[in-house]
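File shown: protein29.txt (compact mmCIF, C-alpha atoms).
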# COMPACT_ATOMS: atom_id res chain seq x y z
CA MET A 1 0.00 0.00 0.00
CA THR A 2 2.78 2.38 0.91
CA SER A 3 4.65 1.76 -2.31
CA ARG A 4 1.39 2.12 -4.27
CA LEU A 5 0.82 5.56 -2.77
CA LEU A 6 4.39 6.53 -3.53
CA ARG A 7 4.13 5.28 -7.11
CA ALA A 8 0.88 7.19 -7.55
CA ARG A 9 2.46 10.39 -6.25
CA LYS A 10 5.38 10.00 -8.62
CA PHE A 11 2.97 9.28 -11.47
CA VAL A 12 0.96 12.45 -10.81
CA ALA A 13 4.15 14.54 -10.64
CA GLY A 14 5.46 12.80 -13.76
CA VAL A 15 2.29 13.59 -15.72
CA ALA A 16 2.69 17.24 -14.74
CA LEU A 17 6.37 17.24 -15.70
CA VAL A 18 5.75 15.72 -19.13
CA SER A 19 2.87 18.13 -19.75
CA GLY A 20 5.08 21.07 -18.79
CA ILE A 21 7.95 19.97 -21.02
CA VAL A 22 5.65 19.38 -24.00
CA GLY A 23 3.99 22.74 -23.33
CA PHE A 24 7.35 24.51 -23.16
CA VAL A 25 8.45 23.03 -26.49
CA LEU A 26 5.15 23.80 -28.21
CA ALA A 27 5.05 27.35 -26.80
CA SER A 28 8.44 28.24 -28.24
CA GLY A 29 6.70 30.24 -30.99
CA VAL A 30 4.83 32.61 -28.68
CA SER A 31 6.13 35.23 -26.29
CA PHE A 32 7.12 34.23 -22.75
CA THR A 33 3.98 35.67 -21.16
CA ALA A 34 1.57 35.58 -24.13
CA SER A 35 -2.00 35.80 -22.89
CA ARG A 36 -3.08 33.15 -25.38
CA GLY A 37 -0.89 30.13 -24.84
CA VAL A 38 -0.43 27.14 -27.12
CA LEU A 39 -2.69 24.10 -26.86
CA VAL A 40 -1.13 20.91 -25.54
CA GLY A 41 -2.84 17.90 -27.09
CA SER A 42 -6.12 19.79 -27.58
CA LEU A 43 -6.44 19.92 -23.79
CA MET A 44 -4.90 22.70 -21.70
CA SER A 45 -2.78 25.56 -22.97
CA PHE A 46 0.40 27.20 -21.71
CA ASN A 47 2.70 30.03 -22.62
CA ARG A 48 6.36 29.44 -21.76
CA LEU A 49 5.95 30.94 -18.29
CA GLY A 50 3.00 28.66 -17.57
CA ALA A 51 4.97 25.66 -18.82
CA MET A 52 7.99 26.67 -16.72
CA VAL A 53 5.84 27.01 -13.60
CA THR A 54 4.47 23.52 -14.28
CA ILE A 55 7.96 22.08 -14.77
CA VAL A 56 9.39 23.73 -11.64
CA LEU A 57 6.47 22.65 -9.43
CA SER A 58 6.50 19.08 -10.72
CA LEU A 59 10.28 18.86 -10.23
CA ALA A 60 9.75 20.11 -6.66
CA ALA A 61 7.15 17.37 -6.12
CA LEU A 62 9.53 14.72 -7.47
CA ALA A 63 12.39 16.13 -5.39
CA GLY A 64 10.11 15.93 -2.35
CA CYS A 65 9.62 12.23 -3.08
CA LEU A 66 13.29 11.50 -3.63
CA SER A 67 14.46 13.44 -0.58
CA GLY A 68 11.74 12.10 1.68
CA SER A 69 10.39 15.58 2.28
CA ASP A 70 6.60 15.45 2.45
CA LEU A 71 6.63 19.18 3.10
CA LEU A 72 8.25 19.86 -0.28
CA ALA A 73 5.75 17.62 -2.09
CA ALA A 74 2.88 19.30 -0.27
CA ALA A 75 4.30 22.74 -1.08
CA ALA A 76 4.41 21.75 -4.75
CA GLY A 77 0.77 20.66 -4.48
CA GLY A 78 -0.08 23.98 -2.87
CA GLY A 79 1.79 25.74 -5.66
CA PHE A 80 -0.33 23.97 -8.24
CA LEU A 81 -3.49 25.04 -6.40
CA ALA A 82 -2.21 28.64 -6.33
CA ALA A 83 -1.54 28.41 -10.08
CA ALA A 84 -5.07 27.04 -10.51
CA LEU A 85 -6.50 30.00 -8.61
CA LEU A 86 -4.49 32.45 -10.71
CA GLN A 87 -5.66 30.69 -13.86
CA LEU A 88 -9.26 30.75 -12.71
CA VAL A 89 -9.12 34.50 -12.17
CA GLN A 90 -7.28 35.30 -15.40
CA ALA A 91 -8.66 32.74 -17.89
CA GLY A 92 -10.14 34.40 -20.95
CA SER A 93 -8.89 37.86 -20.00
CA GLU A 94 -5.73 39.92 -20.19
CA PRO A 95 -3.24 39.80 -18.66
CA ASN A 96 -3.11 36.03 -18.45
CA PHE A 97 0.32 35.34 -17.00
CA LEU A 98 0.29 31.57 -17.55
CA GLY A 99 -1.40 31.66 -20.96
CA GLY A 100 -4.02 29.16 -19.89
CA ARG A 101 -7.73 28.58 -20.27
CA PRO A 102 -10.34 26.99 -18.00
CA SER A 103 -9.03 23.53 -18.89
CA THR A 104 -5.61 24.66 -17.62
CA PHE A 105 -7.31 25.57 -14.34
CA SER A 106 -8.76 22.06 -14.27
CA PHE A 107 -5.32 20.55 -14.94
CA PHE A 108 -3.60 22.55 -12.17
CA LEU A 109 -6.45 21.67 -9.80
CA MET A 110 -6.12 17.98 -10.62
CA ILE A 111 -2.36 17.88 -10.04
CA GLY A 112 -2.55 19.99 -6.86
CA ILE A 113 -5.32 17.98 -5.24
CA GLY A 114 -3.76 14.71 -6.36
CA LEU A 115 -0.39 15.57 -4.80
CA LEU A 116 -1.92 16.79 -1.55
CA ALA A 117 -4.27 13.80 -1.23
CA LEU A 118 -1.39 11.38 -1.78
CA THR A 119 1.07 13.23 0.44
CA TYR A 120 -1.25 13.42 3.42
CA PRO A 121 -3.60 10.41 3.34
CA PRO A 122 -6.03 10.16 6.29
CA ASP A 123 -3.85 7.79 8.31
CA ALA A 124 -0.91 10.16 8.05
CA LEU A 125 -3.01 13.09 9.21
CA GLU A 126 -4.09 11.16 12.28
CA GLY A 127 -0.66 9.72 12.94
CA THR A 128 -2.06 6.20 13.23
CA ASP A 129 -0.12 4.54 10.44
CA PRO A 130 3.64 4.39 10.84
CA LYS A 131 3.87 2.96 7.33
CA ARG A 132 2.69 6.10 5.58
CA PRO A 133 4.48 6.86 2.32
CA GLU A 134 8.16 7.51 2.56
CA CYS A 135 9.76 8.91 -0.50
CA SER A 136 13.29 7.66 -0.32
CA MET B 1 -22.63 29.73 -23.01
CA PHE B 2 -25.22 32.52 -22.85
CA LYS B 3 -26.50 31.48 -26.28
CA PHE B 4 -26.91 27.85 -25.26
CA VAL B 5 -28.60 28.74 -21.98
CA ASN B 6 -31.05 30.89 -23.93
CA PHE B 7 -31.98 27.82 -25.98
CA ALA B 8 -33.69 26.51 -22.81
CA VAL B 9 -36.19 29.36 -23.16
CA ASP B 10 -36.31 29.78 -26.94
CA HIS B 11 -36.56 26.04 -27.67
CA GLU B 12 -38.25 24.80 -24.52
CA VAL B 13 -37.72 21.16 -23.54
CA PHE B 14 -39.31 21.07 -20.08
CA ALA B 15 -41.51 23.95 -18.97
CA PRO B 16 -40.47 24.12 -15.28
CA TYR B 17 -36.80 24.08 -16.27
CA ALA B 18 -37.39 26.85 -18.82
CA TRP B 19 -39.09 28.88 -16.10
CA VAL B 20 -36.11 28.43 -13.74
CA VAL B 21 -33.72 29.52 -16.50
CA ARG B 22 -35.82 32.54 -17.42
CA GLU B 23 -36.54 33.72 -13.87
CA LEU B 24 -33.43 32.70 -11.94
CA VAL B 25 -30.50 31.83 -14.19
CA LEU B 26 -30.59 34.54 -16.85
CA PRO B 27 -31.03 37.46 -14.40
CA ASN B 28 -28.01 36.15 -12.42
CA PHE B 29 -25.98 34.90 -15.33
CA ILE B 30 -22.54 35.99 -14.08
CA LEU B 31 -22.94 34.00 -10.87
CA PHE B 32 -24.37 31.06 -12.82
CA GLY B 33 -21.42 31.18 -15.24
CA TRP B 34 -18.89 31.01 -12.40
CA VAL B 35 -20.72 28.10 -10.80
CA VAL B 36 -20.78 26.20 -14.10
CA LEU B 37 -17.08 26.92 -14.74
CA LEU B 38 -16.07 25.69 -11.28
CA THR B 39 -18.32 22.65 -11.51
CA GLU B 40 -17.17 21.55 -14.95
CA ALA B 41 -13.48 22.14 -14.23
CA SER B 42 -13.72 20.24 -10.94
CA LEU B 43 -15.69 17.47 -12.63
CA GLY B 44 -12.86 16.83 -15.07
CA ALA B 45 -10.15 17.10 -12.43
CA PHE B 46 -11.76 14.73 -9.92
CA LEU B 47 -12.97 12.14 -12.44
CA ILE B 48 -9.51 11.91 -14.05
CA LEU B 49 -7.94 11.56 -10.60
CA GLY B 50 -10.57 9.03 -9.57
CA LEU B 51 -11.13 10.88 -6.30
CA GLY B 52 -14.68 10.97 -4.93
CA THR B 53 -15.63 9.32 -8.19
CA ARG B 54 -19.21 8.34 -7.45
CA PHE B 55 -20.11 11.79 -6.12
CA TRP B 56 -18.59 13.52 -9.12
CA ALA B 57 -20.30 11.05 -11.47
CA LEU B 58 -23.64 12.14 -10.00
CA VAL B 59 -22.62 15.78 -10.46
CA GLY B 60 -21.84 14.85 -14.08
CA VAL B 61 -25.29 13.32 -14.49
CA ALA B 62 -26.90 16.50 -13.12
CA GLN B 63 -24.75 18.67 -15.37
CA SER B 64 -25.53 16.54 -18.43
CA VAL B 65 -29.26 16.60 -17.68
CA ALA B 66 -29.14 20.39 -17.34
CA ILE B 67 -27.32 20.72 -20.66
CA ALA B 68 -29.76 18.31 -22.32
CA MET B 69 -32.76 20.25 -21.06
CA SER B 70 -31.23 23.44 -22.42
CA VAL B 71 -30.37 22.36 -25.95
CA LEU B 72 -32.27 19.16 -26.76
CA ASN B 73 -34.78 20.97 -28.99
CA ALA B 74 -32.32 23.47 -30.41
CA PRO B 75 -31.63 23.28 -34.15
CA HIS B 76 -28.90 20.93 -35.40
CA GLU B 77 -28.48 19.17 -32.05
CA TRP B 78 -27.90 15.39 -31.91
CA SER B 79 -29.87 14.34 -28.86
CA TRP B 80 -27.97 11.08 -28.37
CA SER B 81 -24.79 12.96 -27.48
CA TYR B 82 -26.52 14.07 -24.27
CA TYR B 83 -28.06 10.68 -23.56
CA LEU B 84 -24.58 9.18 -23.95
CA MET B 85 -23.07 11.77 -21.59
CA ILE B 86 -25.67 10.85 -18.98
CA GLY B 87 -25.11 7.14 -19.62
CA ILE B 88 -21.34 7.38 -19.27
CA HIS B 89 -21.62 9.19 -15.95
CA LEU B 90 -24.12 6.58 -14.75
CA ALA B 91 -21.70 3.84 -15.78
CA ILE B 92 -18.91 5.52 -13.78
CA PHE B 93 -21.25 5.81 -10.80
CA GLY B 94 -22.39 2.21 -11.09
CA SER B 95 -18.91 0.76 -11.47
CA ALA B 96 -17.24 3.08 -8.91
CA SER B 97 -14.30 3.08 -11.28
CA GLY B 98 -12.14 5.25 -8.99
CA ARG B 99 -11.74 2.25 -6.69
CA THR B 100 -9.97 0.38 -9.47
CA PHE B 101 -8.20 3.01 -11.54
CA GLY B 102 -8.04 6.00 -9.23
CA LEU B 103 -7.10 7.56 -5.93
CA ASP B 104 -10.25 6.19 -4.31
CA GLY B 105 -8.74 2.72 -4.55
CA LEU B 106 -5.54 3.89 -2.86
CA LEU B 107 -7.08 5.97 -0.10
CA ARG B 108 -10.42 4.30 0.65
CA SER B 109 -9.09 1.81 3.17
CA GLY B 110 -7.54 4.70 5.13
CA TRP B 111 -10.79 6.63 5.01
CA LYS B 112 -12.62 3.58 6.36
CA ARG B 113 -10.20 3.19 9.25
CA SER B 114 -10.41 6.87 10.05
CA GLY B 115 -13.22 7.90 12.34
CA SER B 116 -13.48 11.45 11.06
CA ARG B 117 -16.66 12.79 9.50
CA VAL B 118 -14.85 13.99 6.37
CA ALA B 119 -13.40 10.52 5.84
CA GLY B 120 -16.88 9.05 6.24
CA LEU B 121 -18.18 11.39 3.56
CA LEU B 122 -15.28 10.46 1.28
CA VAL B 123 -16.08 6.76 1.71
CA LYS B 124 -19.64 7.47 0.59
CA ALA B 125 -18.41 9.72 -2.25
CA SER B 126 -16.12 7.01 -3.59

If you convert what's in this file into structure tokens, what do you get?
Amino acid sequence: MTSRLLRARKFVAGVALVSGIVGFVLASGVSFTASRGVLVGSLMSFNRLGAMVTIVLSLAALAGCLSGSDLLAAAAGGGFLAAALLQLVQAGSEPNFLGGRPSTFSFFLMIGIGLLALTYPPDALEGTDPKRPECS
Amino acid sequence: MFKFVNFAVDHEVFAPYAWVVRELVLPNFILFGWVVLLTEASLGAFLILGLGTRFWALVGVAQSVAIAMSVLNAPHEWSWSYYLMIGIHLAIFGSASGRTFGLDGLLRSGWKRSGSRVAGLLVKAS
């Protein structure tokens, strides 16, 4: 169970990392903070800043796993939720710092909630399970 | 979205629903738009994660029914697309797919062991 939670957390962070890298490559033709980003697989959109934020946060989540720091993984999850909030406020308007759309908000929300739910499962919050996920 | 919501009044499907749209939704459209945006974005996020899957599947059914009752009689609409949307959400609800391919499956046993009220709600939602 512990290793399954850890694998799931790495998978969620990995999905975010791949999405960010693909977004960064695809957004090479638009300005760094273009309000209308480039679509990634007909799903969410990023400009290069939005893709970089995604890459940095997902690397932080992975680093949190590798270093055994739940706090770092949770901070990355919180960062994704903050990015989601920013995207929610700015989607469809200018300025739009991350170049996203409502589906980008949904993506950030998914990654943020996924990381937080997997970092602090109920047993960990109550301190009743000594076998909660360790990331090393 | 304003155009499609107006279809509920201009091409009425179900009179009480058309009345609700005309009297409540359209006069408060900004609020309604935000609620729909948050609901649809959360729907996608939670169903892909497989977290609280059964609850969000029911939200999806409600959302699909609302869309169907808005546009079913509008020109050039294919009604089966909405029946299929409802059916897919019902299938997700019935199969509780998050327990197999989602976070529900990873976290549900912990929720069951936990005595907290939130965990109890999450068990029911999954």

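Counting from CA of Asp10 in chain B, the distance to CA of Met69 in chain B is 11.7 Å.
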
Which residues of chain B are close to chain A, meaning at most 7 Å apart when you count all atoms listed in the file, and how do they look as JSON, numbers by chain?
{"B": [41, 42, 44, 45, 46, 49, 106, 107, 110, 111, 114]}

Please report the interatomic distance between CA of Cys65 in chain A and CA of Val18 in chain A in Å with one decimal.
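Going from CA of Cys65 in chain A over to CA of Val18 in chain A covers 16.9 Å.
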
Pairwise distance for CA of Ala16 in chain A and CA of Leu51 in chain B, rounded to one decimal in Å:
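Computing the Euclidean distance for CA of Ala16 in chain A and CA of Leu51 in chain B yields 17.4 Å.
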
Nearest to Ala68 in chain B: which of B:Ala8, B:Ala15, B:Leu26, B:Val123 is it, counting all atoms listed in the file?
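Of B:Ala8, B:Ala15, B:Leu26, B:Val123, the one nearest Ala68 in chain B is B:Ala8, counting all atoms listed in the file.
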
Do a neighbour search on Gly98 in chain B at 6 Å with all atoms listed in the file, toss out local chain neighbours closer than 4 positions, and write the hits as a ChimeraX atom specification.
/B:50,53,102,104
